[in-house]
>>> print(open('protein.cif').read())   # mmCIF, C-alpha atoms and all ligand atoms
data_target
loop_
_atom_site.label_atom_id
_atom_site.label_comp_id
_atom_site.auth_asym_id
_atom_site.auth_seq_id
_atom_site.Cartn_x
_atom_site.Cartn_y
_atom_site.Cartn_z
CA MET A 1 -59.11 -83.11 10.03
CA GLU A 2 -60.99 -86.01 11.68
CA MET A 3 -62.30 -88.74 9.40
CA GLU A 4 -65.92 -89.70 10.08
CA THR A 5 -66.62 -93.35 10.81
CA PHE A 6 -67.04 -95.40 7.64
CA GLU A 7 -70.13 -97.07 9.09
CA LEU A 8 -70.64 -99.72 6.39
CA GLU A 9 -67.08 -101.01 6.62
CA ARG A 10 -67.05 -100.74 10.42
CA GLN A 11 -70.24 -102.76 10.81
CA GLN A 12 -68.98 -105.39 8.39
CA SER A 13 -65.55 -105.59 10.04
CA LEU A 14 -67.16 -105.98 13.44
CA TRP A 15 -69.75 -108.59 12.58
CA GLU A 16 -69.32 -110.37 9.26
CA HIS A 17 -67.23 -113.19 10.72
CA LYS A 18 -69.32 -113.50 13.87
CA VAL A 19 -72.82 -113.96 12.46
CA ASP A 20 -74.19 -117.28 11.19
CA ILE A 21 -75.22 -115.78 7.87
CA ASN A 22 -73.67 -112.74 6.27
CA LEU A 23 -76.14 -111.08 3.91
CA SER A 24 -74.16 -107.83 4.00
CA GLU A 25 -71.57 -108.82 1.40
CA SER A 26 -71.76 -107.12 -1.99
CA GLY A 27 -69.67 -109.57 -4.00
CA VAL A 28 -70.15 -113.22 -4.92
CA ASP A 29 -69.06 -116.12 -2.73
CA PRO A 30 -65.24 -115.94 -2.70
CA LEU A 31 -63.27 -118.58 -4.55
CA THR A 32 -60.43 -120.55 -3.01
CA LEU A 33 -57.07 -121.21 -4.65
CA ASP A 34 -58.36 -124.71 -5.37
CA GLY A 35 -61.36 -123.18 -7.10
CA LEU A 36 -59.03 -121.09 -9.26
CA ALA A 37 -56.92 -124.18 -9.94
CA ALA A 38 -60.06 -125.90 -11.25
CA LEU A 39 -60.31 -123.02 -13.72
CA GLY A 40 -56.71 -123.57 -14.78
CA LEU A 41 -54.52 -121.60 -12.35
CA ASP A 42 -51.15 -123.36 -12.11
CA LEU A 43 -50.64 -123.78 -8.37
CA ASP A 44 -47.11 -125.08 -8.86
CA ARG A 45 -46.16 -121.83 -10.53
CA LEU A 46 -47.80 -119.91 -7.73
CA HIS A 47 -45.70 -121.90 -5.22
CA GLY A 48 -42.61 -120.59 -7.00
CA VAL A 49 -43.53 -116.90 -6.80
CA PRO A 50 -40.95 -115.11 -4.63
CA LEU A 51 -42.64 -113.24 -1.78
CA GLU A 52 -40.76 -110.11 -2.64
CA TYR A 53 -41.69 -106.50 -3.20
CA ILE A 54 -42.81 -106.49 -6.79
CA GLN A 55 -42.67 -103.36 -8.91
CA SER A 56 -44.62 -100.99 -6.75
CA ASN A 57 -47.18 -99.89 -9.36
CA GLY A 58 -47.91 -103.54 -10.29
CA THR A 59 -45.94 -105.83 -12.59
CA PRO A 60 -45.71 -104.63 -16.20
CA GLU A 61 -47.39 -107.94 -17.22
CA LEU A 62 -50.43 -107.20 -15.08
CA ARG A 63 -50.66 -103.56 -16.12
CA SER A 64 -50.28 -104.49 -19.75
CA GLN A 65 -53.12 -107.01 -19.46
CA LEU A 66 -55.31 -104.49 -17.64
CA ALA A 67 -54.52 -101.83 -20.23
CA GLY A 68 -56.25 -104.14 -22.70
CA HIS A 69 -59.51 -103.54 -20.76
CA TYR A 70 -59.43 -99.79 -21.54
CA ALA A 71 -59.43 -98.70 -25.20
CA GLY A 72 -56.28 -96.82 -26.09
CA ALA A 73 -54.66 -97.33 -22.66
CA THR A 74 -50.99 -98.27 -22.16
CA ILE A 75 -49.29 -99.53 -19.03
CA GLU A 76 -48.58 -95.88 -18.14
CA HIS A 77 -52.34 -95.40 -17.75
CA LEU A 78 -52.57 -98.15 -15.08
CA LEU A 79 -51.73 -98.37 -11.40
CA ALA A 80 -52.30 -101.58 -9.43
CA THR A 81 -53.45 -101.00 -5.86
CA THR A 82 -54.43 -102.87 -2.73
CA GLY A 83 -58.11 -103.20 -3.59
CA SER A 84 -60.14 -100.50 -5.28
CA SER A 85 -60.47 -98.86 -1.87
CA GLU A 86 -56.83 -97.85 -2.04
CA ALA A 87 -57.29 -96.60 -5.60
CA ASN A 88 -60.28 -94.48 -4.51
CA TYR A 89 -58.48 -93.18 -1.45
CA VAL A 90 -55.27 -92.27 -3.22
CA ALA A 91 -57.18 -90.56 -6.05
CA VAL A 92 -59.07 -88.42 -3.54
CA GLN A 93 -55.86 -87.62 -1.67
CA VAL A 94 -54.16 -86.48 -4.85
CA LEU A 95 -57.07 -84.39 -6.12
CA VAL A 96 -58.97 -82.93 -3.21
CA GLU A 97 -57.90 -79.91 -1.19
CA PRO A 98 -59.69 -78.03 1.58
CA GLY A 99 -62.40 -75.83 0.10
CA ASP A 100 -62.87 -77.96 -3.02
CA GLU A 101 -66.26 -79.35 -3.85
CA VAL A 102 -67.05 -82.95 -4.69
CA VAL A 103 -70.30 -84.10 -6.29
CA ALA A 104 -71.31 -87.63 -5.30
CA ILE A 105 -74.18 -89.61 -6.77
CA VAL A 106 -75.97 -91.30 -3.85
CA PRO A 107 -76.70 -93.87 -2.64
CA ASN A 108 -73.24 -95.31 -3.01
CA TYR A 109 -70.44 -97.05 -1.14
CA LEU A 110 -69.72 -93.68 0.62
CA GLN A 111 -65.93 -94.14 0.86
CA VAL A 112 -65.08 -91.30 -1.53
CA GLY A 113 -67.46 -88.74 -0.03
CA LEU A 114 -66.31 -89.50 3.51
CA ALA A 115 -62.63 -89.33 2.53
CA ALA A 116 -63.16 -86.05 0.65
CA ARG A 117 -64.99 -84.53 3.61
CA GLY A 118 -62.15 -85.66 5.84
CA LEU A 119 -59.79 -83.69 3.60
CA GLY A 120 -61.87 -80.54 4.01
CA ALA A 121 -64.02 -80.68 0.87
CA LEU A 122 -67.69 -79.81 0.66
CA VAL A 123 -69.49 -82.89 -0.66
CA ARG A 124 -72.71 -82.29 -2.57
CA ASP A 125 -74.82 -85.46 -2.72
CA VAL A 126 -77.09 -85.85 -5.72
CA PRO A 127 -79.75 -88.56 -5.51
CA LEU A 128 -80.55 -91.47 -7.74
CA LEU A 129 -84.34 -91.72 -7.55
CA PRO A 130 -86.36 -94.94 -7.78
CA GLY A 131 -88.41 -95.04 -10.99
CA ALA A 132 -92.00 -96.14 -11.39
CA ASP A 133 -91.15 -99.61 -12.67
CA GLU A 134 -89.41 -101.99 -10.32
CA SER A 135 -85.95 -101.92 -11.90
CA SER A 136 -85.38 -98.31 -12.93
CA TRP A 137 -83.48 -95.57 -11.16
CA SER A 138 -82.77 -92.14 -12.55
CA LEU A 139 -80.39 -89.41 -11.57
CA ASP A 140 -81.97 -86.17 -10.42
CA TRP A 141 -80.46 -84.29 -13.35
CA GLU A 142 -81.67 -80.90 -12.23
CA ALA A 143 -79.96 -81.34 -8.85
CA PHE A 144 -76.88 -82.73 -10.59
CA GLU A 145 -76.50 -79.83 -13.00
CA ALA A 146 -77.06 -77.38 -10.13
CA ALA A 147 -74.45 -79.11 -7.95
CA VAL A 148 -71.65 -79.09 -10.54
CA GLY A 149 -69.98 -75.70 -10.56
CA ALA A 150 -66.72 -73.79 -10.75
CA ARG A 151 -65.47 -75.19 -7.42
CA THR A 152 -66.21 -78.83 -8.31
CA LYS A 153 -62.96 -80.78 -8.32
CA LEU A 154 -64.37 -84.25 -8.59
CA ILE A 155 -67.56 -86.10 -9.51
CA TYR A 156 -67.93 -89.58 -8.04
CA LEU A 157 -70.19 -92.34 -9.25
CA SER A 158 -70.41 -96.02 -8.45
CA HIS A 159 -71.22 -97.61 -11.82
CA PRO A 160 -72.93 -100.05 -11.94
CA ASN A 161 -74.27 -98.59 -8.76
CA ASN A 162 -73.81 -100.09 -5.34
CA PRO A 163 -76.39 -100.45 -3.80
CA THR A 164 -79.23 -99.87 -6.31
CA GLY A 165 -77.88 -102.03 -9.15
CA HIS A 166 -78.50 -99.18 -11.59
CA VAL A 167 -76.37 -99.47 -14.74
CA PHE A 168 -75.74 -95.99 -16.13
CA THR A 169 -76.47 -95.85 -19.86
CA PRO A 170 -73.88 -94.54 -22.34
CA SER A 171 -75.84 -91.29 -22.69
CA GLU A 172 -75.99 -90.85 -18.89
CA LEU A 173 -72.24 -91.45 -18.67
CA ASP A 174 -71.66 -88.92 -21.47
CA ARG A 175 -73.81 -86.35 -19.75
CA ILE A 176 -71.90 -86.76 -16.47
CA ALA A 177 -68.57 -86.53 -18.31
CA ALA A 178 -69.73 -83.43 -20.21
CA ALA A 179 -70.78 -81.70 -16.98
CA ALA A 180 -67.34 -82.44 -15.52
CA ALA A 181 -65.55 -81.21 -18.65
CA ARG A 182 -67.52 -77.95 -18.60
CA VAL A 183 -66.00 -77.00 -15.23
CA GLY A 184 -62.64 -78.79 -15.54
CA ALA A 185 -63.55 -81.40 -12.91
CA TRP A 186 -62.40 -85.00 -12.70
CA VAL A 187 -64.73 -88.00 -12.84
CA LEU A 188 -63.98 -90.94 -10.56
CA SER A 189 -65.98 -93.86 -11.88
CA ASP A 190 -65.91 -96.75 -9.44
CA GLU A 191 -66.55 -99.72 -11.71
CA VAL A 192 -66.00 -102.73 -9.47
CA TYR A 193 -69.39 -104.14 -10.53
CA ARG A 194 -68.90 -103.64 -14.25
CA GLY A 195 -68.43 -107.37 -14.76
CA ALA A 196 -71.45 -108.09 -12.54
CA VAL A 197 -74.36 -107.06 -14.76
CA HIS A 198 -76.94 -109.81 -14.36
CA ASP A 199 -78.28 -110.23 -17.85
CA LEU A 200 -75.34 -109.61 -20.14
CA ALA A 201 -74.52 -112.26 -22.71
CA PRO A 202 -71.15 -114.04 -22.38
CA GLY A 203 -68.30 -111.70 -23.34
CA GLU A 204 -70.47 -108.57 -23.23
CA GLU A 205 -69.56 -105.74 -20.89
CA ALA A 206 -71.45 -102.85 -19.40
CA PRO A 207 -70.35 -99.53 -20.90
CA GLY A 208 -67.61 -97.85 -18.89
CA MET A 209 -66.70 -94.21 -18.26
CA TRP A 210 -63.27 -94.64 -19.86
CA GLY A 211 -62.72 -92.59 -23.02
CA ARG A 212 -65.55 -90.13 -22.37
CA GLY A 213 -63.29 -87.20 -21.45
CA GLU A 214 -59.77 -86.17 -20.52
CA ARG A 215 -60.03 -86.27 -16.75
CA ILE A 216 -61.52 -89.70 -16.30
CA ILE A 217 -60.40 -92.17 -13.63
CA ALA A 218 -61.83 -95.68 -13.85
CA VAL A 219 -61.36 -97.88 -10.79
CA SER A 220 -61.91 -101.60 -10.43
CA SER A 221 -60.74 -104.68 -8.55
CA LEU A 222 -60.84 -108.46 -8.21
CA SER A 223 -63.20 -108.20 -5.25
CA LYS A 224 -66.73 -108.31 -6.63
CA ALA A 225 -67.45 -109.73 -10.09
CA TYR A 226 -64.28 -111.87 -9.95
CA GLY A 227 -65.12 -113.27 -6.51
CA LEU A 228 -61.61 -112.70 -5.10
CA PRO A 229 -61.87 -109.98 -2.43
CA GLY A 230 -59.19 -111.54 -0.23
CA ALA A 231 -56.61 -111.05 -2.95
CA ARG A 232 -56.88 -107.34 -2.14
CA LEU A 233 -55.96 -106.38 -5.67
CA GLY A 234 -57.43 -103.36 -7.40
CA TRP A 235 -56.41 -100.85 -10.03
CA MET A 236 -57.11 -97.50 -11.54
CA ALA A 237 -56.87 -96.29 -15.11
CA GLY A 238 -56.28 -92.60 -15.75
CA PRO A 239 -54.12 -90.12 -17.64
CA PRO A 240 -50.41 -91.02 -17.20
CA ALA A 241 -49.47 -87.79 -15.37
CA PHE A 242 -52.27 -88.36 -12.85
CA ILE A 243 -51.36 -92.03 -12.47
CA ALA A 244 -47.75 -91.02 -11.75
CA ARG A 245 -48.94 -88.73 -8.95
CA CYS A 246 -51.08 -91.51 -7.48
CA TRP A 247 -48.16 -93.94 -7.68
CA ALA A 248 -46.00 -91.46 -5.72
CA ARG A 249 -48.75 -91.19 -3.08
CA ARG A 250 -48.87 -94.96 -2.81
CA ASP A 251 -45.28 -95.00 -1.64
CA PHE A 252 -46.81 -93.76 1.63
CA THR A 253 -49.63 -96.28 1.89
CA THR A 254 -48.92 -99.90 0.95
CA ILE A 255 -45.90 -99.49 -1.38
CA ALA A 256 -46.76 -102.36 -3.73
CA PRO A 257 -49.48 -104.94 -4.35
CA GLY A 258 -48.82 -108.36 -2.82
CA ALA A 259 -46.69 -110.55 -5.07
CA LEU A 260 -49.14 -113.47 -4.91
CA SER A 261 -52.08 -111.17 -5.54
CA ASP A 262 -50.46 -109.71 -8.63
CA ALA A 263 -49.88 -113.25 -9.93
CA ILE A 264 -53.51 -114.20 -9.20
CA ALA A 265 -54.69 -111.02 -10.93
CA ARG A 266 -52.68 -111.87 -14.04
CA PHE A 267 -54.59 -115.15 -14.17
CA ALA A 268 -58.03 -113.77 -13.31
CA THR A 269 -58.01 -110.79 -15.67
CA GLU A 270 -56.85 -112.79 -18.68
CA PRO A 271 -59.91 -112.45 -20.98
CA SER A 272 -61.06 -116.10 -21.10
CA ASN A 273 -60.55 -116.61 -17.35
CA GLN A 274 -62.28 -113.33 -16.66
CA GLU A 275 -65.28 -114.45 -18.68
CA ARG A 276 -65.49 -117.72 -16.74
CA LEU A 277 -65.35 -115.87 -13.43
CA PHE A 278 -67.96 -113.36 -14.55
CA ALA A 279 -70.19 -116.18 -15.80
CA ARG A 280 -69.98 -117.81 -12.36
CA ALA A 281 -70.95 -114.49 -10.75
CA ARG A 282 -73.88 -113.99 -13.15
CA ARG A 283 -75.17 -117.49 -12.40
CA MET A 284 -75.07 -116.97 -8.64
CA MET A 285 -76.59 -113.50 -8.75
CA ARG A 286 -79.45 -114.50 -11.04
CA THR A 287 -80.35 -117.60 -9.03
CA ASN A 288 -80.48 -115.70 -5.76
CA ARG A 289 -82.23 -112.73 -7.35
CA ASP A 290 -85.07 -115.02 -8.42
CA THR A 291 -85.27 -116.58 -4.95
CA PHE A 292 -85.24 -113.10 -3.45
CA ARG A 293 -88.01 -111.85 -5.74
CA GLY A 294 -90.25 -114.76 -4.72
CA TRP A 295 -89.46 -114.31 -1.06
CA THR A 296 -90.18 -110.55 -0.98
CA GLY A 297 -93.58 -111.35 -2.50
CA ARG A 298 -94.39 -113.32 0.66
CA GLN A 299 -93.48 -110.54 3.14
CA ASN A 300 -96.92 -108.89 3.21
CA GLY A 301 -95.75 -105.69 1.54
CA ALA A 302 -92.91 -105.07 4.03
CA LEU A 303 -90.26 -105.25 1.28
CA PRO A 304 -91.64 -103.99 -2.05
CA TYR A 305 -89.41 -105.69 -4.61
CA ARG A 306 -86.95 -103.69 -6.69
CA GLU A 307 -85.01 -105.57 -9.33
CA PRO A 308 -81.24 -104.97 -9.41
CA ARG A 309 -79.69 -104.92 -12.88
CA ALA A 310 -76.16 -105.46 -11.55
CA GLY A 311 -74.17 -106.30 -8.43
CA ALA A 312 -74.46 -109.14 -5.96
CA TYR A 313 -77.11 -107.32 -3.94
CA ALA A 314 -80.68 -106.11 -3.99
CA PHE A 315 -81.75 -102.79 -2.46
CA VAL A 316 -85.35 -102.57 -1.38
CA PRO A 317 -87.46 -100.24 0.76
CA PHE A 318 -88.44 -101.63 4.15
CA VAL A 319 -91.95 -100.60 5.20
CA GLU A 320 -93.21 -100.83 8.77
CA ASN A 321 -96.66 -99.52 9.73
CA GLY A 322 -97.03 -97.87 6.34
CA ARG A 323 -93.77 -95.90 6.58
CA LEU A 324 -90.13 -96.43 5.65
CA ALA A 325 -88.55 -98.09 8.67
CA ASP A 326 -85.46 -97.31 10.71
CA CYS A 327 -83.33 -99.91 8.97
CA ALA A 328 -80.22 -99.48 11.10
CA ARG A 329 -82.28 -100.45 14.14
CA PHE A 330 -83.78 -103.41 12.30
CA ALA A 331 -80.32 -104.54 11.11
CA GLU A 332 -79.08 -104.44 14.69
CA ARG A 333 -82.10 -106.37 15.97
CA LEU A 334 -81.74 -108.94 13.19
CA ARG A 335 -78.08 -109.46 13.99
CA ARG A 336 -78.72 -109.89 17.69
CA ASN A 337 -81.84 -112.05 17.43
CA ARG A 338 -81.15 -114.11 14.29
CA SER A 339 -77.39 -113.88 13.72
CA VAL A 340 -77.85 -112.46 10.22
CA LEU A 341 -76.05 -109.34 9.01
CA LEU A 342 -77.77 -106.97 6.55
CA VAL A 343 -76.79 -103.51 5.33
CA ALA A 344 -78.98 -100.62 6.45
CA GLY A 345 -79.59 -98.13 3.65
CA ARG A 346 -78.31 -95.30 5.84
CA TRP A 347 -74.82 -96.82 5.63
CA ALA A 348 -75.03 -96.29 1.86
CA GLY A 349 -76.61 -92.84 2.06
CA MET A 350 -80.27 -93.85 1.63
CA PRO A 351 -82.20 -94.49 4.85
CA GLY A 352 -85.35 -96.57 4.78
CA TYR A 353 -83.86 -99.25 2.53
CA LEU A 354 -82.15 -102.57 3.18
CA ARG A 355 -79.40 -104.12 1.08
CA PHE A 356 -79.46 -107.91 0.77
CA GLY A 357 -76.32 -109.66 -0.50
CA LEU A 358 -77.11 -111.99 -3.42
CA GLY A 359 -73.69 -113.63 -3.59
CA LEU A 360 -74.11 -116.56 -1.19
CA GLU A 361 -74.59 -120.19 -2.06
CA PRO A 362 -78.36 -120.82 -2.48
CA GLY A 363 -78.68 -122.86 0.77
CA PRO A 364 -77.34 -120.27 3.23
CA PHE A 365 -79.00 -117.53 1.21
CA ALA A 366 -82.45 -119.11 1.63
CA GLU A 367 -81.80 -119.73 5.32
CA GLY A 368 -80.76 -116.08 5.76
CA LEU A 369 -83.99 -114.92 4.14
CA ARG A 370 -86.01 -117.30 6.32
CA ARG A 371 -84.51 -115.71 9.42
CA VAL A 372 -85.11 -112.18 8.14
CA GLY A 373 -88.73 -113.17 7.50
CA LEU A 374 -89.04 -114.44 11.07
CA GLU A 375 -87.68 -111.18 12.44
CA ILE A 376 -90.03 -109.11 10.28
CA GLY A 377 -92.92 -111.27 11.39
CA GLY A 378 -91.83 -111.15 15.03
CA GLY A 379 -91.73 -114.98 15.24
CA ALA A 380 -89.69 -117.07 17.69
CA ALA A 381 -85.92 -116.58 17.52
CA ALA A 382 -84.13 -119.08 15.22
C1 LIG B 401 -68.49 -99.53 -4.97
C2 LIG B 401 -67.34 -100.10 -4.20
N1 LIG B 401 -66.13 -99.60 -4.42
C3 LIG B 401 -65.06 -100.07 -3.77
C4 LIG B 401 -65.18 -101.08 -2.84
C5 LIG B 401 -63.94 -101.57 -2.14
O1 LIG B 401 -63.64 -102.85 -2.54
P1 LIG B 401 -62.16 -103.44 -2.70
O2 LIG B 401 -61.22 -102.54 -1.98
O3 LIG B 401 -62.24 -104.80 -2.12
O4 LIG B 401 -61.88 -103.46 -4.18
C6 LIG B 401 -66.42 -101.62 -2.57
C7 LIG B 401 -66.58 -102.68 -1.54
O5 LIG B 401 -67.65 -103.05 -1.17
C8 LIG B 401 -67.53 -101.12 -3.29
O6 LIG B 401 -68.75 -101.63 -3.09
#
>>> encode(input="protein.cif", output="structure tokens", more="lines below")
Ligand SMILES: Cc1ncc(COP(=O)(O)O)c(C=O)c1O
Amino acid sequence: MEMETFELERQQSLWEHKVDINLSESGVDPLTLDGLAALGLDLDRLHGVPLEYIQSNGTPELRSQLAGHYAGATIEHLLATTGSSEANYVAVQVLVEPGDEVVAIVPNYLQVGLAARGLGALVRDVPLLPGADESSWSLDWEAFEAAVGARTKLIYLSHPNNPTGHVFTPSELDRIAAAAARVGAWVLSDEVYRGAVHDLAPGEEAPGMWGRGERIIAVSSLSKAYGLPGARLGWMAGPPAFIARCWARRDFTTIAPGALSDAIARFATEPSNQERLFARARRMMRTNRDTFRGWTGRQNGALPYREPRAGAYAFVPFVENGRLADCARFAERLRRNRSVLLVAGRWAGMPGYLRFGLGLEPGPFAEGLRRVGLEIGGGAAA
């Protein structure tokens, strides 16, 4: 079966390195090796890492450290992958067969729904709806309960949610897990932003899906809250028999994580280093969020502010002439006229909204907003 175009990734691949300012990124400004060295990474040791095939499911040291992130998990519950995208893809490949149904909470990153459809599944999207106050979103529970049925193989959620920044509460997570358990479905909880909740105190974590049922898969990576997307290192936690099937599938994709990436991941996911990286992300996200809030207030109602609770992005409606605008067209115009890349809500399953990356350094971030403001106002090209 043909795969549909993964529009978000395609647009980013095409343009993110060509524009002056990339506001389409959903993680924080990537660190360099020198930046990691400043946090204590031993570069000399890294120089000595053989560029070999490491154990193809990730080194036992890395998996053991990651197992510590999931209560009751052992290294048999963990598989290291090339980014969380590989973890998502392999999980879908292992689970989904033609005729199966997948329930996806939208908006989201769309990878899982597109991959499942490509494998012949029927994907039922269930919306997260904006609440009355500026930071709340709530799942349409009636639609959710109606969508989950005997043919449901998999329920997918991005938690904390990309792009809304909604952080599912423990009772919401329990309710999703209970619905899955009722019909014997799996839950794929994509938790790459779990370390990127804006207002958590040091050392605190958002609640995860892990432990809320038997068929739970929790996916994460170094890409977002850790600020290391180029390491291309992700992982999944799941029941050992399922993990073994995913590992076997991976023999066909990328075989093993990169040796250097595994070594970097061992450093980054060590609890005290992780906390320092997450603290850096929280600082950057909060600073830009405040700038963004102020800036939206000066856009004459074109971008009614919605406050993200997590993630290095803000997702706001874009109003033109009293109606939600065609954001894909605006994003294209903005890129051509102002050399700024934004994410149109349609690419995340929710037209009429724009996603602004909050992960840049404050200077380029402010300049990006200035150019967006010019384009909204129809001023002279920057
Ligand atoms: C929700 C979500 N999941 C997965 C990914 C894939 O990221 P990576 O493969 O770098 O871990 C992204 C990237 O934007 C994402 O937003």
>>> residues_near_ligand(input="protein.cif", ligand="ligand LIG 401 (chain B)", cutoff="10 Å", atoms="all atoms listed in the file", output="number ranges by chain")
A: 8-9, 12, 24-27, 81-89, 108-112, 157-163, 189-193, 219-224, 227-235, 311-312, 348
>>> closest_atom_pairs(input="protein.cif", of="segment 295-366 of chain A", to="segment 129-134 of chain A", cutoff="9 Å", atoms="only C-alpha atoms", output="tab-separated table")
residue	atom	partner	partner_atom	distance
A:Pro304	CA	A:Glu134	CA	8.8
A:Tyr305	CA	A:Glu134	CA	6.8
A:Arg306	CA	A:Glu134	CA	4.7
A:Glu307	CA	A:Glu134	CA	5.8
A:Pro308	CA	A:Glu134	CA	8.7
>>> residues_around(input="protein.cif", residues="Glu145 of chain A", least_positions_apart="5", cutoff="10 Å", atoms="only C-alpha atoms", output="list of chain:residue names")
A:Val126, A:Asp140, A:Arg175, A:Ile176, A:Ala179, A:Ala180
>>> write_last_selection(input="protein.cif", atoms="C-alpha atoms", output="short mmCIF file (atom, residue, chain, number, x, y, z; two decimals), keeping the file's coordinate frame")
data_model
loop_
_atom_site.label_atom_id
_atom_site.label_comp_id
_atom_site.auth_asym_id
_atom_site.auth_seq_id
_atom_site.Cartn_x
_atom_site.Cartn_y
_atom_site.Cartn_z
CA VAL A 126 -77.09 -85.85 -5.72
CA ASP A 140 -81.97 -86.17 -10.42
CA ARG A 175 -73.81 -86.35 -19.75
CA ILE A 176 -71.90 -86.76 -16.47
CA ALA A 179 -70.78 -81.70 -16.98
CA ALA A 180 -67.34 -82.44 -15.52
#
>>> atom_distance(input="protein.cif", atom1="atom CA of Thr269 of chain A", atom2="atom CA of Phe356 of chain A")
27.2 Å
>>> closest_residue(input="protein.cif", among="A:Arg336, A:Arg283, A:His69, A:His17", to="Leu200 of chain A", atoms="all atoms listed in the file")
A:Arg283
>>> closest_residue(input="protein.cif", among="A:Glu367, A:Glu142, A:Glu375, A:Glu61", to="Asp20 of chain A", atoms="only C-alpha atoms")
A:Glu367
>>> residues_near_point(input="protein.cif", point="(-69.7, -88.0, -4.3)", cutoff="9 Å", atoms="only C-alpha atoms", output="PyMOL selection string")
chain A and resi 102-106+108+110-114+116+123-126+154-157+188
>>> residues_around(input="protein.cif", residues="Gly359 of chain A", least_positions_apart="6", cutoff="12 Å", atoms="all atoms listed in the file", output="compact mmCIF listing (two decimals) with C-alpha atoms, in the frame of the given file")
# COMPACT_ATOMS: atom_id res chain seq x y z
CA ILE A 21 -75.22 -115.78 7.87
CA ASN A 22 -73.67 -112.74 6.27
CA LEU A 23 -76.14 -111.08 3.91
CA SER A 24 -74.16 -107.83 4.00
CA GLU A 25 -71.57 -108.82 1.40
CA SER A 26 -71.76 -107.12 -1.99
CA GLY A 27 -69.67 -109.57 -4.00
CA VAL A 28 -70.15 -113.22 -4.92
CA ASP A 29 -69.06 -116.12 -2.73
CA PRO A 30 -65.24 -115.94 -2.70
CA LEU A 31 -63.27 -118.58 -4.55
CA ALA A 196 -71.45 -108.09 -12.54
CA HIS A 198 -76.94 -109.81 -14.36
CA SER A 223 -63.20 -108.20 -5.25
CA LYS A 224 -66.73 -108.31 -6.63
CA ALA A 225 -67.45 -109.73 -10.09
CA TYR A 226 -64.28 -111.87 -9.95
CA GLY A 227 -65.12 -113.27 -6.51
CA ARG A 280 -69.98 -117.81 -12.36
CA ALA A 281 -70.95 -114.49 -10.75
CA ARG A 282 -73.88 -113.99 -13.15
CA ARG A 283 -75.17 -117.49 -12.40
CA MET A 284 -75.07 -116.97 -8.64
CA MET A 285 -76.59 -113.50 -8.75
CA ARG A 286 -79.45 -114.50 -11.04
CA THR A 287 -80.35 -117.60 -9.03
CA ASN A 288 -80.48 -115.70 -5.76
CA ARG A 289 -82.23 -112.73 -7.35
CA PHE A 292 -85.24 -113.10 -3.45
CA ALA A 310 -76.16 -105.46 -11.55
CA GLY A 311 -74.17 -106.30 -8.43
CA ALA A 312 -74.46 -109.14 -5.96
CA TYR A 313 -77.11 -107.32 -3.94
CA ALA A 314 -80.68 -106.11 -3.99
CA PHE A 365 -79.00 -117.53 1.21
CA ALA A 366 -82.45 -119.11 1.63
CA GLY A 368 -80.76 -116.08 5.76
